[in-house]
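This report refers to the structure that appears directly beneath it.
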Amino acid sequence: MTTLKSTVDSAADVASRYDPVIGLETHVELGTVSKMFCGCPTTFGAEPNTQVCPVCLGLPGSLPVPNEVAIESTIRIGLALHCTIASWCRFARKNYFYPDMPKNFQISQYDEPLCTDGYLDVTVAGRTVRVEIERVHLEEDTGKSLHVGGATGRIHGADHSLVDYNRAGIPLVEVVTKPVAGTGALAPEVGRAYVTELRELLRSLGVSDVRMEQGSLRADVNVSLSPAGSGVWGTRSETKNVNSLRSVERAIRYEMSRQAEVLDRGGRVVQETRHFHEDNGRTTPGRSKEEATDYRYFPEPDLVPVAPDAAWVERLRTTLPELPAARRARLAGQLGATDFEMESMANAGVVELVAATAAAGAPADEARNWWLGYLTQKANAAEIEPADLAISPEQVARVVALVGDGTLSVGLARQAVDGVLETGADVDTVVAERGLQRVSDVDALAAAVDEAIAAQPDVAEKIRAGKVAAAGALVGAVMKATRGQADAKTVRELILQKLS
Amino acid sequence: MDLTRMTAAELGAAIASGETSSVEVTQAHLDRIAAVDDRVHAFLHVDTDGALAAARGVDERRGDGETLGPLAGVPLALKDVIVTRGIPTTVGSRILEGWIPPYDATVTTKLREAGIVVLGKTNMDEFAMGSSTENSAYGPSHNPWDLDRVPGGSSGGSSAAVAAFSAPLGIGTDTGGSIRQPAAVTGIVGHKPTYGGVSRYGLVAFSSSLDQAGPFARTVLDAALLHEAMAGHDPMDSTSIDAPVPPVVAAARQGGTGDLTGLRVGVVRELSGQGYEPGVEAVTREALARLEKLGATVHEVSCPSFGYALPAYYLIAPSECSSNLARFDAVRYGLRVGDDGVRSLEEVMSLTREAGFGPEVKRRIMLGTYALSSGYYDAYYGQAQKVRTLISRDFAAAFETADVLVSPATPTVAFPIGERANDPLAMYAADLCTLPASLAGLPAISVPSGLSEGLPVGLQVMAPALADDRCYRVAAALEADRGHPLTEEAPAL
């Protein structure tokens, strides 16, 4: 097996020879109380097949009735993405056989989507890229299959399969971009930034809980390469159900490298669906059943057309909240952040966290440093989003305050944050229980200083000889001995005093 | 007093007055079924216990002094395409053999609320595809007028039950003529309501944009009473019309006075001539003469697009059915064939559908799958939808000069069992007269207009959308002028 070069390097390498074109199809489960075409609840994580009825089980004779809130949510998404809202459109049946689809057709939209022709701007490396939106349409989700036995976890080779229809019929919005070209080596980051920004937008609209790990937001990532400057688009692969922001970026990187390798060899990229593997960052070909088939779309005869009149659309427009881009512009002023800092915060998904931390009393730059620095590290290590860390902006603000008043050093503050993340207790409790207060009491430190001097007589001699810079080694020894609780400045003063 | 010879209106009144009870009436019909149904084979499932329990319920409510509807306690034969909680629903197919629905259709609920007693589920062409009940997986029903002939289809079990006096009321469903054609060939009244007039929730779909349930009865008033009980807006059906039920009972009573003064009747030129039996045309002319005698003016209208109704129908209905019937896949309910733990899911699905569907159903699934295929959609499904628009325009133009349009309900009298079973095109021709109103979603009734060679002929009366009452008015006037329901002339079984 060929070992891939470091993927970060390879994106630039690939982009030097090929123009990558990406496209994203994002599925959003709406957070409506009931399903798209029946009254069943949509709660995540219920016992299998407990949130079902004749309609979402597709029992003979049952009929769909559209959820008006879902239609409104879709229109609001379209408006927030600057789309044109159709004055008349229809649902369509997408016909294919699969056991997690109770009717063996999915009610979706085909050539008459609710929303068309919008855009979403994202900023990567200081460059703003306008991602054009082809369409936003509404459909129903399928059930979930669990294939038991077999090596792949897929239906082929499985001993048997279990199907949970709780998810069947949950309203699903699909946001489809037009092909995004011209981003070169930034393509993976642009893809990630787009999904990040879309998620912020959806969250601000309050239409979905946008939890990628629970599948309420999932992206299909299309990637193709064309020889640099040729202007001819290459054949694309479609990587299905990528379920984290990081994976979106990784999947694009991998596909760029993989396709470049194929093309470098003089091979042809096969148009196919692929699966992304979180564990090794690779994609593998999907089974033929998921490949493009003839879906025999036709207008859903069980539903009447949806005809949003202008007054309805305008009323929905008035319900739009301040959108993330505008909010960020406003917050940039409030936080005194530069464009670059705002971009970093936006792409790390911490803008709201920083703003909330600042609102809780922390200086804006301190808040930003914590969230972009140590807390993002912790989130990455845990493979979760910063927002899902078990620490609130208020607690972070408290940490900042304790550093500010000298109670904690930065090192102690990190230990305090670790304690909060581990235990869920508040900062003051962690500090008290773990005895993390900084020690600056001269008497308490004197003994440790004496021990350090005694342990390193050669260093002490250099200091006595006037080489003050050598004091660092002794300070370090004292800090280590006090498990970081000593106030370094006081320690240094004590050492110099004793050796002068 | 033979309870099975009475009309539904008479039975309702007799039960209300205490002259008889619902249990007595129901038992009389169960006895009749026991006596004749081995020959007629109208029923797939007789729900003896359920029917008697429902009848007792009505009698008890009556005993408690409750005021119930005009059909409370009256028994009914329900087509096996309407789902019934706890009672098998097969749709005439092997693929649903043994399926017990966990829910009631809206029509079923409305029947229960009206106190109407469901005697059982009636035979039908599989998935309502056919004009004779010969496509039933459970064998054909027989026409009570001549047991060697078909009772029409697809709702032939219900029409046969009503014509055989096994039930005073029946419910059918009509996609391309499946109420009107069986009504015509069994000498009873059958009405297809305006599309959206009766809820489709719980009606196992054949062709969603065409399917519509409606009443069968031996008299126009009975049909109207049942229509009123089963119709009305249903929030569970998005295509249900949110409008009051047309005043069909009042119209039937008004028509019963025999006065049609000022009514403009248009005779559709295209629904006559080649392919129409001379006897049917003669009876139709007699009926038109009666309408004129009752004060109506009769003139000919032309609807040139009606000639395309048959091909358009046989693209639209199969297309929708190919999708509607996809759910019968052995995964969740119904038949499962070949699940030996070794075969793949696809194989089990294929084997199940191979064994579970009959030839006509397979033919239509294949036709529809083809018509919806990429590259063919525009030429077939798309074109058929355009024809549908043209047909609606022809109707609109004709209704500018006519209040109702009339034609024979079917080109021939009941044909012998087996005659057309292997000739799909000949079978399809049985629906020539009924297809245009189906495609346009308009109300149409078939009312007995006389006999040709001893077999019943029906007159079809079509009206604009939501003007179902006009169909009943004209039908009732014709019935009044004849003097008695045609079934009184039927030979004894």
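Numbering starts fresh at 1 for the residues of each chain in the structure tokens, the chains themselves are lettered A, B, ... in the order given, and ligands are numbered from 1 as they appear.
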Proximity of chain A to chain B: per-residue shortest pair, 8 Å limit, only C-alpha atoms, as JSON lines:
```
{"residue": "A:Pro54", "atom": "CA", "partner": "B:Tyr103", "partner_atom": "CA", "distance": 7.5}
{"residue": "A:Gly58", "atom": "CA", "partner": "B:Arg327", "partner_atom": "CA", "distance": 7.2}
{"residue": "A:Pro60", "atom": "CA", "partner": "B:Val204", "partner_atom": "CA", "distance": 5.1}
{"residue": "A:Gly61", "atom": "CA", "partner": "B:Val204", "partner_atom": "CA", "distance": 3.8}
{"residue": "A:Ser62", "atom": "CA", "partner": "B:Gly202", "partner_atom": "CA", "distance": 5.4}
{"residue": "A:Leu63", "atom": "CA", "partner": "B:Tyr201", "partner_atom": "CA", "distance": 5.9}
{"residue": "A:Pro64", "atom": "CA", "partner": "B:Asp237", "partner_atom": "CA", "distance": 7.2}
{"residue": "A:Val65", "atom": "CA", "partner": "B:Ser238", "partner_atom": "CA", "distance": 5.6}
{"residue": "A:Pro66", "atom": "CA", "partner": "B:Ser238", "partner_atom": "CA", "distance": 7.9}
{"residue": "A:Asn95", "atom": "CA", "partner": "B:Ser323", "partner_atom": "CA", "distance": 6.7}
{"residue": "A:Phe97", "atom": "CA", "partner": "B:Ala326", "partner_atom": "CA", "distance": 7.5}
{"residue": "A:Pro99", "atom": "CA", "partner": "B:Val331", "partner_atom": "CA", "distance": 6.6}
{"residue": "A:Pro102", "atom": "CA", "partner": "B:Arg327", "partner_atom": "CA", "distance": 6.5}
{"residue": "A:Lys103", "atom": "CA", "partner": "B:Arg327", "partner_atom": "CA", "distance": 4.4}
{"residue": "A:Asn104", "atom": "CA", "partner": "B:Arg327", "partner_atom": "CA", "distance": 5.3}
{"residue": "A:Phe105", "atom": "CA", "partner": "B:Ser323", "partner_atom": "CA", "distance": 7.1}
{"residue": "A:Asp159", "atom": "CA", "partner": "B:Gly341", "partner_atom": "CA", "distance": 7.9}
{"residue": "A:Asp294", "atom": "CA", "partner": "B:Ser374", "partner_atom": "CA", "distance": 6.4}
{"residue": "A:Tyr295", "atom": "CA", "partner": "B:Ser373", "partner_atom": "CA", "distance": 7.9}
{"residue": "A:Arg296", "atom": "CA", "partner": "B:Leu372", "partner_atom": "CA", "distance": 5.2}
{"residue": "A:Tyr297", "atom": "CA", "partner": "B:Leu372", "partner_atom": "CA", "distance": 7.2}
{"residue": "A:Phe298", "atom": "CA", "partner": "B:Leu372", "partner_atom": "CA", "distance": 7.3}
{"residue": "A:Pro301", "atom": "CA", "partner": "B:Ser209", "partner_atom": "CA", "distance": 5.5}
{"residue": "A:Asp302", "atom": "CA", "partner": "B:Ser208", "partner_atom": "CA", "distance": 6.1}
{"residue": "A:Leu303", "atom": "CA", "partner": "B:Ser238", "partner_atom": "CA", "distance": 5.6}
{"residue": "A:Val304", "atom": "CA", "partner": "B:Thr239", "partner_atom": "CA", "distance": 6.2}
```
Limited to C-alpha atoms, could you put the picked residues into a file as an mmCIF file, in the first residue's frame?
```cif
data_model
loop_
_atom_site.group_PDB
_atom_site.id
_atom_site.type_symbol
_atom_site.label_atom_id
_atom_site.label_comp_id
_atom_site.auth_asym_id
_atom_site.auth_seq_id
_atom_site.Cartn_x
_atom_site.Cartn_y
_atom_site.Cartn_z
ATOM 1 C CA PRO A 54 -48.874 3.772 10.272
ATOM 2 C CA GLY A 58 -45.550 3.247 5.350
ATOM 3 C CA PRO A 60 -50.783 0.178 3.336
ATOM 4 C CA GLY A 61 -53.350 2.954 3.082
ATOM 5 C CA SER A 62 -51.486 5.542 5.137
ATOM 6 C CA LEU A 63 -50.958 9.035 3.749
ATOM 7 C CA PRO A 64 -48.507 11.861 4.442
ATOM 8 C CA VAL A 65 -49.529 15.275 5.757
ATOM 9 C CA PRO A 66 -46.768 17.903 5.581
ATOM 10 C CA ASN A 95 -38.015 5.510 -5.878
ATOM 11 C CA PHE A 97 -35.647 -0.249 -2.670
ATOM 12 C CA PRO A 99 -35.295 -1.827 3.891
ATOM 13 C CA PRO A 102 -40.624 1.998 4.693
ATOM 14 C CA LYS A 103 -42.374 2.859 1.440
ATOM 15 C CA ASN A 104 -39.407 2.030 -0.791
ATOM 16 C CA PHE A 105 -39.629 5.587 -1.972
ATOM 17 C CA ASP A 159 -25.819 -12.376 9.046
ATOM 18 C CA ASP A 294 -32.729 5.627 -11.963
ATOM 19 C CA TYR A 295 -34.847 7.011 -9.158
ATOM 20 C CA ARG A 296 -37.893 7.455 -11.385
ATOM 21 C CA TYR A 297 -38.788 10.743 -9.756
ATOM 22 C CA PHE A 298 -42.352 11.950 -10.234
ATOM 23 C CA PRO A 301 -49.556 12.497 -5.850
ATOM 24 C CA ASP A 302 -50.476 12.194 -2.170
ATOM 25 C CA LEU A 303 -49.525 15.813 -1.508
ATOM 26 C CA VAL A 304 -50.764 19.076 -2.886
#
```
TODO: Please identify all polymer residues within 8 Å of segment 235-252 of chain A, counting only C-alpha atoms, omitting same-chain residues fewer than 6 positions from it, and present them as a ChimeraX atom specification.
DONE: /A:22,187-189,191-192,195-196,212-213,215,217-225,269-276,278,281-283
Task: Long-range neighbours of Gly157 of chain B as an MDAnalysis selection string, 8 Å cut-off, only C-alpha atoms, 3 positions minimum in chain - done: chainID B and resid 41:43 79 122:124 133 141 151 153 160:161
Kindly save the residues from that selection, with N, CA and C atoms included, as a JSON list (two decimals), in the first residue's frame.
```json
[["chain", "number", "residue", "atom", "x", "y", "z"],
["B", 41, "HIS", "N", -69.84, -15.55, -4.12],
["B", 41, "HIS", "CA", -68.47, -15.25, -3.69],
["B", 41, "HIS", "C", -68.18, -13.75, -3.68],
["B", 42, "ALA", "N", -69.07, -13.03, -3.00],
["B", 42, "ALA", "CA", -68.87, -11.58, -2.85],
["B", 42, "ALA", "C", -67.86, -11.28, -1.76],
["B", 43, "PHE", "N", -67.81, -12.15, -0.74],
["B", 43, "PHE", "CA", -67.01, -11.83, 0.45],
["B", 43, "PHE", "C", -65.71, -12.63, 0.51],
["B", 79, "LYS", "N", -65.42, -3.05, 0.72],
["B", 79, "LYS", "CA", -64.37, -3.54, -0.20],
["B", 79, "LYS", "C", -63.07, -3.77, 0.57],
["B", 122, "THR", "N", -65.13, -7.40, 1.08],
["B", 122, "THR", "CA", -65.56, -7.99, -0.19],
["B", 122, "THR", "C", -64.43, -8.16, -1.19],
["B", 123, "ASN", "N", -64.68, -9.09, -2.06],
["B", 123, "ASN", "CA", -63.72, -9.48, -3.09],
["B", 123, "ASN", "C", -63.48, -8.33, -4.07],
["B", 124, "MET", "N", -62.36, -8.40, -4.72],
["B", 124, "MET", "CA", -61.97, -7.34, -5.64],
["B", 124, "MET", "C", -60.86, -7.84, -6.54],
["B", 133, "THR", "N", -63.21, -8.73, -11.26],
["B", 133, "THR", "CA", -62.79, -9.49, -10.07],
["B", 133, "THR", "C", -62.05, -10.77, -10.44],
["B", 141, "SER", "N", -65.73, -13.18, -8.21],
["B", 141, "SER", "CA", -67.11, -13.11, -7.73],
["B", 141, "SER", "C", -68.03, -13.32, -8.94],
["B", 151, "PRO", "N", -69.34, -9.67, -12.12],
["B", 151, "PRO", "CA", -70.11, -8.60, -11.47],
["B", 151, "PRO", "C", -69.45, -7.25, -11.68],
["B", 153, "GLY", "N", -65.80, -4.86, -12.02],
["B", 153, "GLY", "CA", -64.67, -4.75, -11.12],
["B", 153, "GLY", "C", -64.08, -3.35, -11.20],
["B", 160, "ALA", "N", -71.69, -7.18, -6.18],
["B", 160, "ALA", "CA", -72.40, -8.47, -6.16],
["B", 160, "ALA", "C", -73.15, -8.65, -4.85],
["B", 161, "ALA", "N", -72.54, -8.24, -3.74],
["B", 161, "ALA", "CA", -73.19, -8.38, -2.43],
["B", 161, "ALA", "C", -74.49, -7.59, -2.38]]
```
Can you list, as a PDB file with C-alpha atoms, in the first residue's frame, every protein, DNA or RNA residue that comes within 8 Å of segment 425-435 of chain A when you count only C-alpha atoms, leaving out same-chain residues fewer than 3 positions away?
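Result went into part_6.pdb, see below:
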```pdb
ATOM      1  CA  GLN A 395     -16.248  29.263  34.342  1.00  0.00           C
ATOM      2  CA  ARG A 398     -13.672  32.913  36.467  1.00  0.00           C
ATOM      3  CA  VAL A 399     -10.352  31.253  35.571  1.00  0.00           C
ATOM      4  CA  ALA A 416      -7.909  24.172  37.273  1.00  0.00           C
ATOM      5  CA  VAL A 417      -9.486  23.943  33.816  1.00  0.00           C
ATOM      6  CA  GLY A 419     -10.144  19.750  36.960  1.00  0.00           C
ATOM      7  CA  VAL A 420     -13.357  21.372  35.776  1.00  0.00           C
TER       8      VAL A 420
END
```
